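Next comes entry-v7.pdb, a file with PDB, C-alpha atoms and all ligand atoms.
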ATOM      1  CA  MET A   1      22.710  45.732  40.175
ATOM      2  CA  SER A   2      25.840  47.816  39.616
ATOM      3  CA  TRP A   3      27.800  47.783  36.346
ATOM      4  CA  THR A   4      30.738  45.984  37.932
ATOM      5  CA  GLU A   5      28.523  42.968  38.675
ATOM      6  CA  GLN A   6      27.408  42.676  35.060
ATOM      7  CA  VAL A   7      28.563  40.255  32.408
ATOM      8  CA  ALA A   8      27.914  41.290  28.819
ATOM      9  CA  VAL A   9      28.219  39.366  25.577
ATOM     10  CA  VAL A  10      28.730  41.448  22.435
ATOM     11  CA  THR A  11      28.739  39.653  19.080
ATOM     12  CA  GLY A  12      30.843  41.148  16.305
ATOM     13  CA  GLY A  13      32.906  42.850  19.004
ATOM     14  CA  ALA A  14      36.178  42.881  17.055
ATOM     15  CA  ARG A  15      35.720  46.124  15.171
ATOM     16  CA  GLY A  16      33.412  48.985  14.211
ATOM     17  CA  ILE A  17      30.244  49.450  16.240
ATOM     18  CA  GLY A  18      30.821  46.213  18.210
ATOM     19  CA  ARG A  19      34.264  47.389  19.293
ATOM     20  CA  ALA A  20      32.811  50.726  20.495
ATOM     21  CA  ILE A  21      30.084  48.875  22.444
ATOM     22  CA  CYS A  22      32.660  46.602  24.119
ATOM     23  CA  LEU A  23      34.852  49.556  25.109
ATOM     24  CA  GLY A  24      31.822  51.552  26.287
ATOM     25  CA  LEU A  25      30.558  48.728  28.505
ATOM     26  CA  ALA A  26      34.072  48.138  29.894
ATOM     27  CA  GLN A  27      34.285  51.870  30.565
ATOM     28  CA  GLN A  28      31.214  51.456  32.800
ATOM     29  CA  GLY A  29      32.951  48.615  34.652
ATOM     30  CA  ALA A  30      31.244  45.558  33.137
ATOM     31  CA  THR A  31      32.958  42.312  32.206
ATOM     32  CA  VAL A  32      32.527  42.054  28.441
ATOM     33  CA  VAL A  33      32.904  38.989  26.259
ATOM     34  CA  ALA A  34      33.770  40.138  22.726
ATOM     35  CA  ALA A  35      32.622  37.285  20.482
ATOM     36  CA  ASP A  36      33.684  37.394  16.854
ATOM     37  CA  LEU A  37      34.812  35.302  13.903
ATOM     38  CA  ASN A  38      37.841  37.587  13.930
ATOM     39  CA  ILE A  39      39.574  36.508  17.130
ATOM     40  CA  GLU A  40      42.686  38.596  16.453
ATOM     41  CA  GLY A  41      40.504  41.725  16.239
ATOM     42  CA  ALA A  42      38.703  40.794  19.458
ATOM     43  CA  LYS A  43      42.070  40.276  21.203
ATOM     44  CA  ALA A  44      43.201  43.725  20.051
ATOM     45  CA  VAL A  45      40.037  45.312  21.535
ATOM     46  CA  ALA A  46      40.714  43.510  24.827
ATOM     47  CA  GLU A  47      44.306  44.827  24.812
ATOM     48  CA  GLU A  48      43.037  48.337  24.090
ATOM     49  CA  ALA A  49      40.741  48.236  27.147
ATOM     50  CA  LYS A  50      43.668  47.078  29.279
ATOM     51  CA  ALA A  51      46.093  49.652  27.884
ATOM     52  CA  ASN A  52      43.590  52.441  28.565
ATOM     53  CA  GLY A  53      43.039  51.219  32.132
ATOM     54  CA  LEU A  54      39.272  50.801  31.715
ATOM     55  CA  PRO A  55      37.563  49.657  34.922
ATOM     56  CA  GLY A  56      35.937  46.610  33.294
ATOM     57  CA  LYS A  57      37.675  43.917  31.284
ATOM     58  CA  ILE A  58      37.137  42.574  27.785
ATOM     59  CA  VAL A  59      37.489  38.850  27.205
ATOM     60  CA  PRO A  60      37.957  37.861  23.536
ATOM     61  CA  LYS A  61      36.300  34.680  22.291
ATOM     62  CA  SER A  62      36.020  33.111  18.877
ATOM     63  CA  LEU A  63      32.450  32.540  17.658
ATOM     64  CA  ASN A  64      30.535  32.072  14.435
ATOM     65  CA  VAL A  65      27.047  33.278  15.360
ATOM     66  CA  THR A  66      25.442  31.277  12.547
ATOM     67  CA  ASP A  67      26.592  27.928  13.981
ATOM     68  CA  ARG A  68      24.003  26.630  16.465
ATOM     69  CA  THR A  69      26.346  24.085  18.069
ATOM     70  CA  ALA A  70      29.047  26.723  18.464
ATOM     71  CA  VAL A  71      26.559  29.222  19.918
ATOM     72  CA  GLU A  72      25.375  26.694  22.521
ATOM     73  CA  ALA A  73      28.940  25.702  23.450
ATOM     74  CA  PHE A  74      29.962  29.365  23.646
ATOM     75  CA  VAL A  75      27.096  30.306  25.986
ATOM     76  CA  GLU A  76      27.847  27.291  28.191
ATOM     77  CA  GLU A  77      31.515  28.321  28.362
ATOM     78  CA  VAL A  78      30.648  31.904  29.338
ATOM     79  CA  ILE A  79      28.236  30.681  32.029
ATOM     80  CA  GLN A  80      30.861  28.272  33.414
ATOM     81  CA  GLU A  81      33.453  31.045  33.501
ATOM     82  CA  PHE A  82      31.397  34.036  34.685
ATOM     83  CA  LYS A  83      28.237  32.405  36.174
ATOM     84  CA  LYS A  84      25.790  34.642  34.292
ATOM     85  CA  ILE A  85      25.056  36.763  31.225
ATOM     86  CA  SER A  86      23.256  39.954  32.192
ATOM     87  CA  ILE A  87      23.564  41.791  28.862
ATOM     88  CA  LEU A  88      23.384  40.406  25.332
ATOM     89  CA  VAL A  89      24.177  42.696  22.415
ATOM     90  CA  ASN A  90      23.469  41.052  19.065
ATOM     91  CA  ASN A  91      25.632  43.231  16.847
ATOM     92  CA  ALA A  92      27.361  40.918  14.320
ATOM     93  CA  GLY A  93      26.126  41.683  10.832
ATOM     94  CA  ILE A  94      27.111  41.761   7.183
ATOM     95  CA  THR A  95      26.000  43.302   3.902
ATOM     96  CA  ARG A  96      25.907  41.645   0.468
ATOM     97  CA  ASP A  97      24.314  44.451  -1.527
ATOM     98  CA  GLY A  98      22.826  44.154  -4.996
ATOM     99  CA  LEU A  99      19.683  45.088  -6.883
ATOM    100  CA  LEU A 100      16.773  42.688  -6.484
ATOM    101  CA  LEU A 101      16.776  41.459 -10.097
ATOM    102  CA  ASN A 102      20.407  40.373  -9.821
ATOM    103  CA  MET A 103      20.291  39.090  -6.272
ATOM    104  CA  GLU A 104      21.336  35.443  -5.949
ATOM    105  CA  ASP A 105      19.549  33.079  -3.534
ATOM    106  CA  GLU A 106      22.834  32.600  -1.706
ATOM    107  CA  GLN A 107      23.265  36.372  -1.300
ATOM    108  CA  PHE A 108      19.818  36.634   0.299
ATOM    109  CA  ASP A 109      20.162  33.545   2.507
ATOM    110  CA  THR A 110      23.632  34.452   3.821
ATOM    111  CA  VAL A 111      22.519  37.873   4.990
ATOM    112  CA  ILE A 112      19.361  36.510   6.643
ATOM    113  CA  ASN A 113      21.439  33.806   8.287
ATOM    114  CA  VAL A 114      24.081  36.133   9.749
ATOM    115  CA  ASN A 115      21.882  39.140  10.565
ATOM    116  CA  LEU A 116      18.608  37.541  11.664
ATOM    117  CA  ARG A 117      18.818  33.807  12.318
ATOM    118  CA  SER A 118      21.887  34.329  14.523
ATOM    119  CA  VAL A 119      19.936  36.814  16.652
ATOM    120  CA  PHE A 120      17.325  34.108  17.207
ATOM    121  CA  LEU A 121      19.989  31.477  18.056
ATOM    122  CA  MET A 122      21.883  33.723  20.471
ATOM    123  CA  THR A 123      18.781  35.105  22.169
ATOM    124  CA  ARG A 124      17.094  31.717  22.588
ATOM    125  CA  THR A 125      20.231  30.250  24.155
ATOM    126  CA  VAL A 126      21.111  33.198  26.407
ATOM    127  CA  CYS A 127      17.578  34.023  27.590
ATOM    128  CA  ARG A 128      17.280  30.683  29.416
ATOM    129  CA  HIS A 129      20.029  31.871  31.761
ATOM    130  CA  MET A 130      18.557  35.361  32.028
ATOM    131  CA  MET A 131      15.196  33.828  32.972
ATOM    132  CA  GLN A 132      16.806  31.827  35.777
ATOM    133  CA  ALA A 133      18.545  34.975  37.021
ATOM    134  CA  ARG A 134      15.331  36.986  36.579
ATOM    135  CA  TYR A 135      17.368  39.773  35.015
ATOM    136  CA  GLY A 136      18.432  40.620  31.493
ATOM    137  CA  ARG A 137      19.043  43.333  28.942
ATOM    138  CA  ILE A 138      18.930  42.329  25.280
ATOM    139  CA  VAL A 139      19.931  44.919  22.693
ATOM    140  CA  ASN A 140      19.754  44.004  19.021
ATOM    141  CA  ILE A 141      21.431  46.117  16.357
ATOM    142  CA  ALA A 142      18.968  46.754  13.539
ATOM    143  CA  SER A 143      19.302  49.511  10.924
ATOM    144  CA  VAL A 144      17.301  52.368   9.441
ATOM    145  CA  SER A 145      17.391  50.252   6.249
ATOM    146  CA  GLY A 146      14.972  47.896   8.000
ATOM    147  CA  MET A 147      12.597  50.795   8.654
ATOM    148  CA  MET A 148      12.882  52.854   5.450
ATOM    149  CA  GLY A 149      14.029  50.250   2.919
ATOM    150  CA  ASN A 150      17.123  50.961   0.841
ATOM    151  CA  ALA A 151      17.673  50.298  -2.869
ATOM    152  CA  GLY A 152      20.267  47.543  -3.269
ATOM    153  CA  GLN A 153      19.603  46.093   0.173
ATOM    154  CA  ALA A 154      16.507  43.868  -0.148
ATOM    155  CA  ASN A 155      18.319  41.123   1.803
ATOM    156  CA  TYR A 156      19.783  43.439   4.442
ATOM    157  CA  ALA A 157      16.608  45.527   4.926
ATOM    158  CA  ALA A 158      14.534  42.341   5.282
ATOM    159  CA  SER A 159      16.968  40.972   7.870
ATOM    160  CA  LYS A 160      16.912  44.196   9.905
ATOM    161  CA  ALA A 161      13.115  44.575   9.718
ATOM    162  CA  GLY A 162      13.056  40.963  10.949
ATOM    163  CA  VAL A 163      15.311  41.903  13.863
ATOM    164  CA  ILE A 164      12.834  44.627  14.862
ATOM    165  CA  GLY A 165       9.834  42.267  14.793
ATOM    166  CA  PHE A 166      11.832  39.635  16.665
ATOM    167  CA  THR A 167      12.892  42.158  19.324
ATOM    168  CA  LYS A 168       9.315  43.292  19.989
ATOM    169  CA  THR A 169       8.134  39.696  20.328
ATOM    170  CA  VAL A 170      10.946  38.805  22.732
ATOM    171  CA  ALA A 171      10.113  41.960  24.706
ATOM    172  CA  LYS A 172       6.496  40.817  25.094
ATOM    173  CA  GLU A 173       7.453  37.252  26.033
ATOM    174  CA  LEU A 174      10.108  38.160  28.596
ATOM    175  CA  ALA A 175       8.910  41.418  30.177
ATOM    176  CA  ARG A 176       7.410  39.708  33.230
ATOM    177  CA  ARG A 177      10.770  38.028  33.903
ATOM    178  CA  ASN A 178      12.528  41.373  34.321
ATOM    179  CA  ILE A 179      14.215  41.032  30.936
ATOM    180  CA  THR A 180      14.026  43.895  28.450
ATOM    181  CA  ALA A 181      14.633  43.611  24.708
ATOM    182  CA  ASN A 182      15.203  46.672  22.555
ATOM    183  CA  ALA A 183      16.700  47.458  19.185
ATOM    184  CA  VAL A 184      19.083  50.215  18.163
ATOM    185  CA  ALA A 185      18.770  51.270  14.534
ATOM    186  CA  PRO A 186      21.855  53.101  13.309
ATOM    187  CA  GLY A 187      21.850  55.248  10.180
ATOM    188  CA  PHE A 188      25.125  55.712   8.273
ATOM    189  CA  ILE A 189      28.012  55.040  10.622
ATOM    190  CA  ASP A 190      31.669  55.369   9.728
ATOM    191  CA  THR A 191      32.992  51.766   9.910
ATOM    192  CA  GLU A 192      34.655  49.204   7.625
ATOM    193  CA  MET A 193      31.120  48.232   6.515
ATOM    194  CA  THR A 194      30.444  51.656   4.992
ATOM    195  CA  LYS A 195      34.058  52.351   3.876
ATOM    196  CA  VAL A 196      33.349  50.305   0.747
ATOM    197  CA  LEU A 197      30.690  52.791  -0.430
ATOM    198  CA  PRO A 198      31.860  55.129  -3.208
ATOM    199  CA  ASP A 199      32.554  58.743  -2.113
ATOM    200  CA  LYS A 200      29.737  59.898  -4.402
ATOM    201  CA  VAL A 201      27.197  57.824  -2.449
ATOM    202  CA  LYS A 202      28.598  58.975   0.908
ATOM    203  CA  ASP A 203      28.353  62.639  -0.130
ATOM    204  CA  MET A 204      24.780  62.099  -1.307
ATOM    205  CA  VAL A 205      23.811  60.467   1.982
ATOM    206  CA  LYS A 206      25.418  63.239   4.050
ATOM    207  CA  GLN A 207      23.155  65.744   2.274
ATOM    208  CA  LEU A 208      20.138  63.795   3.554
ATOM    209  CA  ILE A 209      21.309  63.713   7.172
ATOM    210  CA  PRO A 210      20.183  66.756   9.197
ATOM    211  CA  CYS A 211      23.360  66.456  11.335
ATOM    212  CA  GLN A 212      25.317  66.622   8.036
ATOM    213  CA  ARG A 213      27.788  63.883   8.905
ATOM    214  CA  MET A 214      28.066  60.142   9.225
ATOM    215  CA  GLY A 215      27.781  58.815  12.756
ATOM    216  CA  GLU A 216      30.675  57.487  14.806
ATOM    217  CA  PRO A 217      30.576  54.003  16.323
ATOM    218  CA  ALA A 218      30.603  55.649  19.776
ATOM    219  CA  ASP A 219      27.327  57.439  18.906
ATOM    220  CA  VAL A 220      25.654  54.041  18.526
ATOM    221  CA  ALA A 221      27.419  52.595  21.579
ATOM    222  CA  ALA A 222      25.973  55.396  23.750
ATOM    223  CA  GLY A 223      22.433  54.303  22.849
ATOM    224  CA  VAL A 224      23.237  50.650  23.473
ATOM    225  CA  ILE A 225      24.786  51.381  26.865
ATOM    226  CA  PHE A 226      21.711  53.326  27.929
ATOM    227  CA  LEU A 227      19.339  50.488  26.963
ATOM    228  CA  ALA A 228      21.671  47.948  28.611
ATOM    229  CA  SER A 229      21.821  49.910  31.860
ATOM    230  CA  PRO A 230      19.924  48.832  35.001
ATOM    231  CA  GLN A 231      18.141  52.227  34.859
ATOM    232  CA  ALA A 232      16.439  51.405  31.533
ATOM    233  CA  LYS A 233      14.228  48.874  33.332
ATOM    234  CA  TYR A 234      10.877  50.278  32.142
ATOM    235  CA  ILE A 235      11.869  50.516  28.456
ATOM    236  CA  THR A 236      11.218  47.457  26.342
ATOM    237  CA  GLY A 237      10.249  46.627  22.760
ATOM    238  CA  GLN A 238      11.567  49.968  21.504
ATOM    239  CA  VAL A 239      13.666  50.930  18.517
ATOM    240  CA  LEU A 240      16.153  53.674  19.316
ATOM    241  CA  VAL A 241      17.164  55.321  16.055
ATOM    242  CA  VAL A 242      20.726  56.707  16.015
ATOM    243  CA  ASP A 243      20.975  58.343  12.618
ATOM    244  CA  GLY A 244      21.586  62.090  12.925
ATOM    245  CA  GLY A 245      17.948  62.679  12.005
ATOM    246  CA  LEU A 246      17.966  60.788   8.677
ATOM    247  CA  ASN A 247      14.788  58.798   9.327
ATOM    248  CA  MET A 248      12.770  61.564  11.009
TER     249      MET A 248
HETATM  250  N1  LIG B   1      28.006  50.849   9.696
HETATM  251  C1  LIG B   1      26.777  51.249   9.491
HETATM  252  O1  LIG B   1      26.530  52.278   8.835
HETATM  253  C2  LIG B   1      25.613  50.486  10.041
HETATM  254  C3  LIG B   1      24.340  51.020   9.893
HETATM  255  C4  LIG B   1      23.246  50.338  10.400
HETATM  256  C5  LIG B   1      23.427  49.139  11.052
HETATM  257  N2  LIG B   1      24.684  48.618  11.188
HETATM  258  C6  LIG B   1      24.787  47.334  11.866
HETATM  259  O2  LIG B   1      25.701  47.447  12.947
HETATM  260  C7  LIG B   1      26.341  46.194  13.174
HETATM  261  C8  LIG B   1      27.843  46.396  13.173
HETATM  262  O3  LIG B   1      28.219  46.945  11.929
HETATM  263  P1  LIG B   1      29.668  47.556  11.627
HETATM  264  O4  LIG B   1      29.467  48.690  10.720
HETATM  265  O5  LIG B   1      30.424  47.714  12.891
HETATM  266  O6  LIG B   1      30.258  46.343  10.761
HETATM  267  P2  LIG B   1      31.738  45.747  10.631
HETATM  268  O7  LIG B   1      31.763  44.992   9.365
HETATM  269  O8  LIG B   1      32.771  46.812  10.861
HETATM  270  O9  LIG B   1      31.829  44.741  11.883
HETATM  271  C9  LIG B   1      31.042  43.591  11.945
HETATM  272  C10 LIG B   1      31.700  42.584  12.852
HETATM  273  O10 LIG B   1      30.870  41.405  12.874
HETATM  274  C11 LIG B   1      31.703  40.266  12.757
HETATM  275  N3  LIG B   1      30.960  39.144  12.163
HETATM  276  C12 LIG B   1      30.446  39.052  10.907
HETATM  277  N4  LIG B   1      29.897  37.842  10.716
HETATM  278  C13 LIG B   1      30.034  37.164  11.884
HETATM  279  C14 LIG B   1      29.673  35.855  12.320
HETATM  280  N5  LIG B   1      29.061  34.994  11.484
HETATM  281  N6  LIG B   1      29.974  35.476  13.580
HETATM  282  C15 LIG B   1      30.614  36.344  14.422
HETATM  283  N7  LIG B   1      30.997  37.572  14.072
HETATM  284  C16 LIG B   1      30.708  37.987  12.816
HETATM  285  C17 LIG B   1      32.845  40.721  11.847
HETATM  286  O11 LIG B   1      33.979  39.868  11.972
HETATM  287  C18 LIG B   1      33.083  42.141  12.341
HETATM  288  O12 LIG B   1      34.025  42.172  13.399
HETATM  289  C19 LIG B   1      25.826  45.262  12.074
HETATM  290  O13 LIG B   1      24.750  44.487  12.544
HETATM  291  C20 LIG B   1      25.357  46.225  11.010
HETATM  292  O14 LIG B   1      24.380  45.648  10.171
HETATM  293  C21 LIG B   1      25.771  49.266  10.687
END
What do you get writing this file as structure tokens?
Ligand SMILES: NC(=O)c1ccc[n+]([C@@H]2O[C@H](COP(=O)([O-])OP(=O)(O)OC[C@H]3O[C@@H](n4cnc5c(N)ncnc54)[C@H](O)[C@@H]3O)[C@@H](O)[C@H]2O)c1
Amino acid sequence: MSWTEQVAVVTGGARGIGRAICLGLAQQGATVVAADLNIEGAKAVAEEAKANGLPGKIVPKSLNVTDRTAVEAFVEEVIQEFKKISILVNNAGITRDGLLLNMEDEQFDTVINVNLRSVFLMTRTVCRHMMQARYGRIVNIASVSGMMGNAGQANYAASKAGVIGFTKTVAKELARRNITANAVAPGFIDTEMTKVLPDKVKDMVKQLIPCQRMGEPADVAAGVIFLASPQAKYITGQVLVVDGGLNM
């Protein structure tokens, strides 16, 4: 299947890593649905693709990935409009950092809900259509926090470790249907999510990264596009770490 025949759904596509993934897939020629709570941001990404004359197009849609009814209606709408979903990138995610002793139940539950439960909801709904089509590429955005742990991120690290376990299970269940499921685990990437970190913390982290810099959203998008490509057909259940060597 060529890129131009592919329909991708990218959650959290309005900014940061999600935006770079949408633009990267559109650059290949795919039709990309950018699904986000922030519809204005998603519209701006779609305009950007158009203004830059990318071969594929980006279609902005409003979605709260934690809302099961909304997820089901959204997937139905995409199928009605484009007939299939060949690529699903579960990228939407949040942080609510704090040390364990001070972490509120709500702080833990919200992060698990947005970062992990939503991946389950989206994947369960979309994979039915992929199974019928006997083709699919699922790429879930995890994090090195889910592999190494990170002080102040018990909720976030647990959600991302959960995403990795979920991805491997989906890979085992769906491999015979010609559907792959992989995770990409970014390290420290320069987005709005990490802009809130104090400069002192950023400088400290840079010292730990062999590449000596934070990653760019496009660095992560490159890994996602590879795993989402038709050529990556014999790669499933893997975690591709994009972290400048941090977690070596
Ligand atoms: N930035 C990093 O250093 C880094 C590192 C490792 C992993 N990640 C992961 O990469 C992904 C993208 O991160 P980012 O840095 O681009 O973050 P970001 O905050 O810049 O963008 C996240 C996007 O997700 C959307 N979103 C949040 N909750 C949503 C919901 N309930 N429904 C729909 N959309 C929702 C936001 O509106 C936003 O557009 C996340 O899963 C994050 O955990 C980021």
Expected selection from the PyMOL selection byres (((chain A and resi 214) around 10) and not hetatm), given as a PyMOL selection string: chain A and resi 187-191+194+202-203+205-206+209+211-213+215-217+243-244
So which residues fall inside 10 Å of (37.1, 34.0, 17.5) if we count only C-alpha atoms? Mind giving them as a list in words?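 Those within range, by chain then number, are Gly12, Gly13, Ala14, Ala34, Ala35, Asp36, Leu37, Asn38, Ile39, Glu40, Gly41, Ala42, Lys43, Pro60, Lys61, Ser62, Leu63 and Asn64 of chain A.
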Can you list what the PyMOL selection byres (((chain A and resi 176-178) around 8) and not hetatm) grabs from this structure, as JSON, numbers by chain? {"A": [131, 134, 135, 136, 173, 174, 175, 179, 180, 233]}
So which residues get picked by the PyMOL selection byres (((chain A and resi 152) around 9) and not hetatm) here, written as a compact mmCIF listing (two decimals) with C-alpha atoms, in the coordinates of the input?
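out37.txt written:
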# COMPACT_ATOMS: atom_id res chain seq x y z
CA ARG A 96 25.91 41.64 0.47
CA ASP A 97 24.31 44.45 -1.53
CA GLY A 98 22.83 44.15 -5.00
CA LEU A 99 19.68 45.09 -6.88
CA LEU A 100 16.77 42.69 -6.48
CA MET A 103 20.29 39.09 -6.27
CA ASN A 150 17.12 50.96 0.84
CA ALA A 151 17.67 50.30 -2.87
CA GLN A 153 19.60 46.09 0.17
CA ALA A 154 16.51 43.87 -0.15
CA ASN A 155 18.32 41.12 1.80
CA TYR A 156 19.78 43.44 4.44
Shell of 10 Å around region 15-24 of chain A, all atoms listed in the file, local chain residues under 5 positions omitted, as a PyMOL selection string: chain A and resi 8-10+29-36+38+41-42+44-46+48-49+52+54+56-59+89-93+141+186+189-193+216-225
For a quick check of understanding, using all atoms listed in the file, which of A:Asn102, A:Asn247, A:Gln231, A:Ser118 has the smallest distance to ligand LIG 1 (chain B)?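 Ranked by minimum distance to ligand LIG 1 (chain B), first place goes to A:Ser118.
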Selected residue of minimal separation from ligand LIG 1 (chain B) among A:Val78, A:Leu246, A:Ala133, A:Cys127, counting only C-alpha atoms and all ligand atoms: A:Leu246
CA of Val201 (chain A) sits from CA of Val242 (chain A) at a separation of 19.6 Å
All residues 9 Å or closer to Arg117 (chain A), all atoms listed in the file, same chain fewer than 3 positions away omitted, as JSON, numbers by chain: {"A": [65, 66, 112, 113, 114, 120, 121, 122, 159, 163]}
Considering all atoms listed in the file, state which residue in the set A:Ala183, A:Met204, A:Ile94, A:Ala157 is at the smallest distance from ligand LIG 1 (chain B).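 Under the stated criterion, the closest residue is A:Ile94.
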Could you give me the axis-aligned bounding box of region 98-107 of chain A, with 8 Å of padding per side, as centre plus edge lengths in Å to one decimal, as lines of an AutoDock Vina configuration file?
center_x = 20.0
center_y = 38.8
center_z = -5.7
size_x = 22.5
size_y = 28.5
size_z = 24.8
Counting all atoms listed in the file, which of A:Thr125, A:Ser86, A:Thr95, A:Thr236 gets nearest to ligand LIG 1 (chain B)?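 For ligand LIG 1 (chain B), the nearest of the given residues is A:Thr95.
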Please report the interatomic distance between CA of Leu116 (chain A) and CA of Asp199 (chain A) in Å with one decimal.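 Calculated distance between CA of Leu116 (chain A) and CA of Asp199 (chain A) is 28.9 Å.
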If I take CA of Ile138 (chain A) and atom O13 of ligand LIG 1 (chain B), how far is one from the other in Å, to one decimal?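 Atom-to-atom, CA of Ile138 (chain A) and atom O13 of ligand LIG 1 (chain B) are spaced 14.2 Å apart.
The residue that comes closest to Ile87 (chain A), out of A:Ala142, A:Asp105, A:Met130, A:Pro198 and on the basis of only C-alpha atoms, is A:Met130.
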Pick from A:Ser143, A:Thr169, A:Ser229, A:Gln207 nearest to ligand LIG 1 (chain B), counting all atoms listed in the file: A:Ser143
Which residues are near Glu72 (chain A)? Cut-off 9 Å, all atoms listed in the file, ignore same chain within fewer than 2 positions. Put them as a short mmCIF file (atom, residue, chain, number, x, y, z; two decimals) with C-alpha atoms, in the frame of the given file.
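File produced: part.cif:
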data_model
loop_
_atom_site.label_atom_id
_atom_site.label_comp_id
_atom_site.auth_asym_id
_atom_site.auth_seq_id
_atom_site.Cartn_x
_atom_site.Cartn_y
_atom_site.Cartn_z
CA ASP A 67 26.59 27.93 13.98
CA ARG A 68 24.00 26.63 16.46
CA THR A 69 26.35 24.08 18.07
CA ALA A 70 29.05 26.72 18.46
CA PHE A 74 29.96 29.36 23.65
CA VAL A 75 27.10 30.31 25.99
CA GLU A 76 27.85 27.29 28.19
CA GLU A 77 31.52 28.32 28.36
CA LEU A 121 19.99 31.48 18.06
CA MET A 122 21.88 33.72 20.47
CA THR A 125 20.23 30.25 24.16
CA VAL A 126 21.11 33.20 26.41
#
Got a minute to add all heavy atoms to region 18-23 of chain A and dump it as an mmCIF file, keeping the file's coordinate frame?
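Result file out.cif:
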data_model
loop_
_atom_site.group_PDB
_atom_site.id
_atom_site.type_symbol
_atom_site.label_atom_id
_atom_site.label_comp_id
_atom_site.auth_asym_id
_atom_site.auth_seq_id
_atom_site.Cartn_x
_atom_site.Cartn_y
_atom_site.Cartn_z
ATOM 1 N N GLY A 18 30.657 47.213 17.145
ATOM 2 C CA GLY A 18 30.821 46.213 18.210
ATOM 3 C C GLY A 18 31.987 46.557 19.121
ATOM 4 O O GLY A 18 31.895 46.443 20.353
ATOM 5 N N ARG A 19 33.079 46.983 18.516
ATOM 6 C CA ARG A 19 34.264 47.389 19.293
ATOM 7 C C ARG A 19 33.904 48.552 20.230
ATOM 8 O O ARG A 19 34.249 48.540 21.419
ATOM 9 C CB ARG A 19 35.393 47.802 18.336
ATOM 10 C CG ARG A 19 36.535 48.531 18.988
ATOM 11 C CD ARG A 19 37.591 48.962 17.968
ATOM 12 N NE ARG A 19 38.491 49.936 18.555
ATOM 13 C CZ ARG A 19 38.263 51.254 18.608
ATOM 14 N NH1 ARG A 19 37.161 51.769 18.080
ATOM 15 N NH2 ARG A 19 39.136 52.047 19.185
ATOM 16 N N ALA A 20 33.186 49.555 19.687
ATOM 17 C CA ALA A 20 32.811 50.726 20.495
ATOM 18 C C ALA A 20 31.879 50.310 21.644
ATOM 19 O O ALA A 20 31.973 50.851 22.752
ATOM 20 C CB ALA A 20 32.140 51.783 19.616
ATOM 21 N N ILE A 21 30.995 49.350 21.388
ATOM 22 C CA ILE A 21 30.084 48.875 22.444
ATOM 23 C C ILE A 21 30.891 48.167 23.543
ATOM 24 O O ILE A 21 30.681 48.394 24.740
ATOM 25 C CB ILE A 21 28.991 47.947 21.860
ATOM 26 C CG1 ILE A 21 28.090 48.724 20.883
ATOM 27 C CG2 ILE A 21 28.160 47.304 22.968
ATOM 28 C CD1 ILE A 21 27.167 47.847 20.034
ATOM 29 N N CYS A 22 31.824 47.311 23.129
ATOM 30 C CA CYS A 22 32.660 46.602 24.119
ATOM 31 C C CYS A 22 33.416 47.596 24.990
ATOM 32 O O CYS A 22 33.421 47.493 26.222
ATOM 33 C CB CYS A 22 33.678 45.693 23.411
ATOM 34 S SG CYS A 22 32.946 44.245 22.661
ATOM 35 N N LEU A 23 34.058 48.572 24.352
ATOM 36 C CA LEU A 23 34.852 49.556 25.109
ATOM 37 C C LEU A 23 33.948 50.398 26.008
ATOM 38 O O LEU A 23 34.305 50.695 27.152
ATOM 39 C CB LEU A 23 35.646 50.449 24.147
ATOM 40 C CG LEU A 23 36.766 49.735 23.369
ATOM 41 C CD1 LEU A 23 37.329 50.641 22.279
ATOM 42 C CD2 LEU A 23 37.883 49.266 24.306
#
